[in-house]
Amino acid sequence: AVTSTLVSRLRAQTAAAHAREAQTAALLSLSRRLSTMSQPADVVSCLLEEAVQVTGLKGCVLAIGESVTVLAGSAPQGGLAAADLSAARWCARHGQAAGRGTVTFPPADHLWLPVLAGREPGVVLGLAVEASGQVLAPDRSRLVEAMAAQAGVALERAELAEQAREAELLSAADRLHRAILGSVSHDLRTPLATIVGVLSTLREQGELLGDEARAGLLAEAGDEAERLDRVVGGLLDLSRLEAGRLELHREPIDPQELVGSAL
């Protein structure tokens, strides 16, 4: 009896050790995959793939805001039941598991685990436990919950990286605007100064100038006015382009012609 008890206990400990090893390997695999991903869509797809592989259950990842958006996987045919939607919203709001196998909304067909909670929109992972006919085992549930937490950290990292990229783009755009204003200011001042000088000369000395001199001054003022119009038109086109209101007509062009026109 003693030997049988010890052997039984040893077998149980061995099985538990194998289970812990498998869980650690699954978390390590997920962590390695997530560390190489920078897009939120890739993160949620990876989480769902690993969770399905560990549990053998179908599922989906939802973004819970004013509306519900499926980020990965697919909702059941006919959509989610009211109990599942309520459980998913509660999970996203409180950051705790809800649905089938829990004390919160147990009639739901899915087990809902938080990925990103307490924010708008929240992100939750849902596993179709009802389709398997049994409740997810506690150790598997804890494993998938840990995987969801890992994915949540990866999502936050991806969002911060995206915000950093946007900030860098805004900074680059701001530097470009300052550079454009700095370079264009000379192109604006020069024709304006020329036009003002011509008009002042004609107003003060117009009667003393001959017809040829007056015509030359007027031609110079006209050229500078056209130049000023081109600069202002370019600035207006740039603002329309940035606002998305400029319709582009793309067509092939010879590189030499392009370079020559720019020069």
# chains A, B, ... in the order shown; residues from 1 in each chain; ligands from 1
>>> select_by_dssp(residues="stretch 18-221 of chain A", states="helix (DSSP H, G or I)", output="PyMOL selection string")
chain A and resi 18-35+40-55+82-94+130-132+138-208+211-221
>>> closest_atom_pairs(of="stretch 100-143 of chain A", to="stretch 24-27 of chain A", cutoff="12 Å", atoms="only C-alpha atoms", output="CSV")
residue,atom,partner,partner_atom,distance
A:Asp139,CA,A:Thr24,CA,12.0
A:Arg140,CA,A:Ala26,CA,11.0
A:Arg142,CA,A:Leu27,CA,11.4
A:Leu143,CA,A:Leu27,CA,7.9
>>> select_by_dssp(residues="stretch 19-156 of chain A", states="strand (DSSP E or B)", output="short mmCIF file (atom, residue, chain, number, x, y, z; two decimals) with N, CA and C atoms, in the first residue's frame")
data_model
loop_
_atom_site.label_atom_id
_atom_site.label_comp_id
_atom_site.auth_asym_id
_atom_site.auth_seq_id
_atom_site.Cartn_x
_atom_site.Cartn_y
_atom_site.Cartn_z
N GLY A 59 -11.97 30.10 -31.60
CA GLY A 59 -12.14 31.33 -30.84
C GLY A 59 -12.02 32.55 -31.71
N CYS A 60 -12.00 33.70 -31.06
CA CYS A 60 -11.88 34.98 -31.75
C CYS A 60 -11.34 36.02 -30.77
N VAL A 61 -10.81 37.09 -31.33
CA VAL A 61 -10.33 38.23 -30.55
C VAL A 61 -11.18 39.43 -30.93
N LEU A 62 -11.75 40.09 -29.92
CA LEU A 62 -12.66 41.20 -30.17
C LEU A 62 -12.12 42.49 -29.59
N ALA A 63 -12.41 43.59 -30.28
CA ALA A 63 -12.19 44.94 -29.74
C ALA A 63 -13.55 45.44 -29.26
N ILE A 64 -13.64 45.77 -27.97
CA ILE A 64 -14.91 46.14 -27.35
C ILE A 64 -14.90 47.64 -27.11
N VAL A 68 -18.65 46.38 -31.42
CA VAL A 68 -17.78 45.22 -31.26
C VAL A 68 -17.16 44.89 -32.61
N THR A 69 -15.83 44.81 -32.66
CA THR A 69 -15.10 44.53 -33.89
C THR A 69 -14.30 43.25 -33.72
N VAL A 70 -14.38 42.37 -34.70
CA VAL A 70 -13.61 41.13 -34.68
C VAL A 70 -12.22 41.43 -35.23
N LEU A 71 -11.20 41.27 -34.38
CA LEU A 71 -9.81 41.54 -34.79
C LEU A 71 -9.14 40.31 -35.38
N ALA A 72 -9.51 39.13 -34.92
CA ALA A 72 -8.92 37.89 -35.42
C ALA A 72 -9.92 36.77 -35.21
N GLY A 73 -9.84 35.74 -36.05
CA GLY A 73 -10.82 34.66 -35.97
C GLY A 73 -12.14 35.09 -36.57
N ALA A 98 -14.58 35.95 -17.80
CA ALA A 98 -16.04 35.90 -17.70
C ALA A 98 -16.54 34.87 -18.71
N GLY A 99 -17.80 34.46 -18.54
CA GLY A 99 -18.40 33.52 -19.47
C GLY A 99 -18.40 32.10 -18.95
N LEU A 111 -15.59 31.28 -23.20
CA LEU A 111 -14.81 31.77 -22.07
C LEU A 111 -14.07 33.00 -22.56
N TRP A 112 -14.28 34.14 -21.89
CA TRP A 112 -13.68 35.40 -22.31
C TRP A 112 -12.56 35.79 -21.36
N LEU A 113 -11.39 36.07 -21.93
CA LEU A 113 -10.20 36.42 -21.16
C LEU A 113 -9.71 37.80 -21.58
N PRO A 114 -9.28 38.63 -20.63
CA PRO A 114 -8.85 39.99 -20.99
C PRO A 114 -7.47 40.01 -21.63
N VAL A 115 -7.35 40.80 -22.67
CA VAL A 115 -6.06 41.07 -23.30
C VAL A 115 -5.63 42.50 -22.96
N LEU A 116 -6.48 43.46 -23.29
CA LEU A 116 -6.31 44.85 -22.86
C LEU A 116 -7.64 45.27 -22.24
N GLY A 122 -11.46 48.07 -25.40
CA GLY A 122 -10.79 46.95 -24.77
C GLY A 122 -10.65 45.79 -25.75
N VAL A 123 -9.73 44.89 -25.45
CA VAL A 123 -9.48 43.73 -26.31
C VAL A 123 -9.63 42.48 -25.47
N VAL A 124 -10.41 41.51 -25.95
CA VAL A 124 -10.65 40.27 -25.22
C VAL A 124 -10.48 39.08 -26.15
N LEU A 125 -10.13 37.95 -25.55
CA LEU A 125 -9.99 36.69 -26.28
C LEU A 125 -11.14 35.78 -25.86
N GLY A 126 -11.84 35.25 -26.84
CA GLY A 126 -12.96 34.35 -26.57
C GLY A 126 -12.70 32.96 -27.12
N LEU A 127 -12.91 31.93 -26.29
CA LEU A 127 -12.74 30.54 -26.69
C LEU A 127 -14.09 29.85 -26.61
#
>>> residues_around(residues="A:Leu28", least_positions_apart="5", cutoff="12 Å", atoms="only C-alpha atoms", output="number ranges by chain")
A: 21-23, 33-35, 50, 143, 146-147, 150
>>> write_last_selection(atoms="C-alpha atoms", output="CSV table (one decimal), in the first residue's frame")
chain,number,residue,atom,x,y,z
A,21,GLU,CA,7.1,22.2,-18.8
A,22,ALA,CA,4.5,22.3,-21.7
A,23,GLN,CA,3.0,25.5,-20.3
A,33,ARG,CA,7.0,35.2,-31.7
A,34,LEU,CA,5.5,38.4,-30.1
A,35,SER,CA,8.9,40.0,-29.7
A,50,GLU,CA,-1.3,29.8,-30.0
A,143,LEU,CA,-2.1,29.2,-19.3
A,146,ALA,CA,-1.1,34.2,-19.2
A,147,MET,CA,-0.8,34.1,-22.9
A,150,GLN,CA,1.6,38.6,-22.8
>>> atom_distance(atom1="atom CA of A:Thr102", atom2="atom CA of A:Ala12")
26.2 Å
>>> closest_residue(among="A:Ala164, A:Val231, A:Ala172, A:Ala154", to="A:Leu192", atoms="only C-alpha atoms")
A:Val231
>>> residues_around(residues="A:Gly56", least_positions_apart="4", cutoff="12 Å", atoms="only C-alpha atoms", output="MDAnalysis selection string")
chainID A and resid 48:52 127:129 131:132 136 140 144
>>> closest_residue(among="A:Val54, A:Gly197, A:Leu6, A:Pro106", to="A:Ala137", atoms="only C-alpha atoms")
A:Val54
>>> decode(residues="stretch 77-111 of chain A", atoms="C-alpha atoms", output="PDB file, in the first residue's frame")
ATOM      1  CA  GLN A  77     -22.518  31.759 -37.506  1.00  0.00           C
ATOM      2  CA  GLY A  78     -25.427  34.009 -36.682  1.00  0.00           C
ATOM      3  CA  GLY A  79     -23.284  36.220 -34.445  1.00  0.00           C
ATOM      4  CA  LEU A  80     -22.521  36.123 -30.745  1.00  0.00           C
ATOM      5  CA  ALA A  81     -25.288  35.471 -28.258  1.00  0.00           C
ATOM      6  CA  ALA A  82     -26.409  38.240 -25.917  1.00  0.00           C
ATOM      7  CA  ALA A  83     -24.825  36.447 -22.951  1.00  0.00           C
ATOM      8  CA  ASP A  84     -21.486  36.293 -24.788  1.00  0.00           C
ATOM      9  CA  LEU A  85     -21.589  39.988 -25.681  1.00  0.00           C
ATOM     10  CA  SER A  86     -22.396  40.896 -22.071  1.00  0.00           C
ATOM     11  CA  ALA A  87     -19.593  38.650 -20.798  1.00  0.00           C
ATOM     12  CA  ALA A  88     -17.110  40.106 -23.297  1.00  0.00           C
ATOM     13  CA  ARG A  89     -17.997  43.686 -22.334  1.00  0.00           C
ATOM     14  CA  TRP A  90     -17.728  42.858 -18.622  1.00  0.00           C
ATOM     15  CA  CYS A  91     -14.368  41.182 -19.211  1.00  0.00           C
ATOM     16  CA  ALA A  92     -13.043  44.175 -21.145  1.00  0.00           C
ATOM     17  CA  ARG A  93     -14.264  46.594 -18.483  1.00  0.00           C
ATOM     18  CA  HIS A  94     -13.081  44.752 -15.350  1.00  0.00           C
ATOM     19  CA  GLY A  95     -10.035  42.843 -16.634  1.00  0.00           C
ATOM     20  CA  GLN A  96     -11.246  39.472 -15.324  1.00  0.00           C
ATOM     21  CA  ALA A  97     -12.330  36.249 -16.985  1.00  0.00           C
ATOM     22  CA  ALA A  98     -16.036  35.896 -17.701  1.00  0.00           C
ATOM     23  CA  GLY A  99     -18.395  33.519 -19.469  1.00  0.00           C
ATOM     24  CA  ARG A 100     -18.498  29.725 -19.534  1.00  0.00           C
ATOM     25  CA  GLY A 101     -16.726  28.136 -16.558  1.00  0.00           C
ATOM     26  CA  THR A 102     -16.740  31.317 -14.434  1.00  0.00           C
ATOM     27  CA  VAL A 103     -19.187  32.836 -11.960  1.00  0.00           C
ATOM     28  CA  THR A 104     -19.790  35.814 -14.273  1.00  0.00           C
ATOM     29  CA  PHE A 105     -22.264  35.167 -17.100  1.00  0.00           C
ATOM     30  CA  PRO A 106     -21.819  31.373 -16.940  1.00  0.00           C
ATOM     31  CA  PRO A 107     -24.582  30.749 -19.567  1.00  0.00           C
ATOM     32  CA  ALA A 108     -22.286  32.195 -22.251  1.00  0.00           C
ATOM     33  CA  ASP A 109     -20.962  29.842 -24.910  1.00  0.00           C
ATOM     34  CA  HIS A 110     -17.432  31.294 -24.729  1.00  0.00           C
ATOM     35  CA  LEU A 111     -14.808  31.772 -22.074  1.00  0.00           C
TER      36      LEU A 111
END
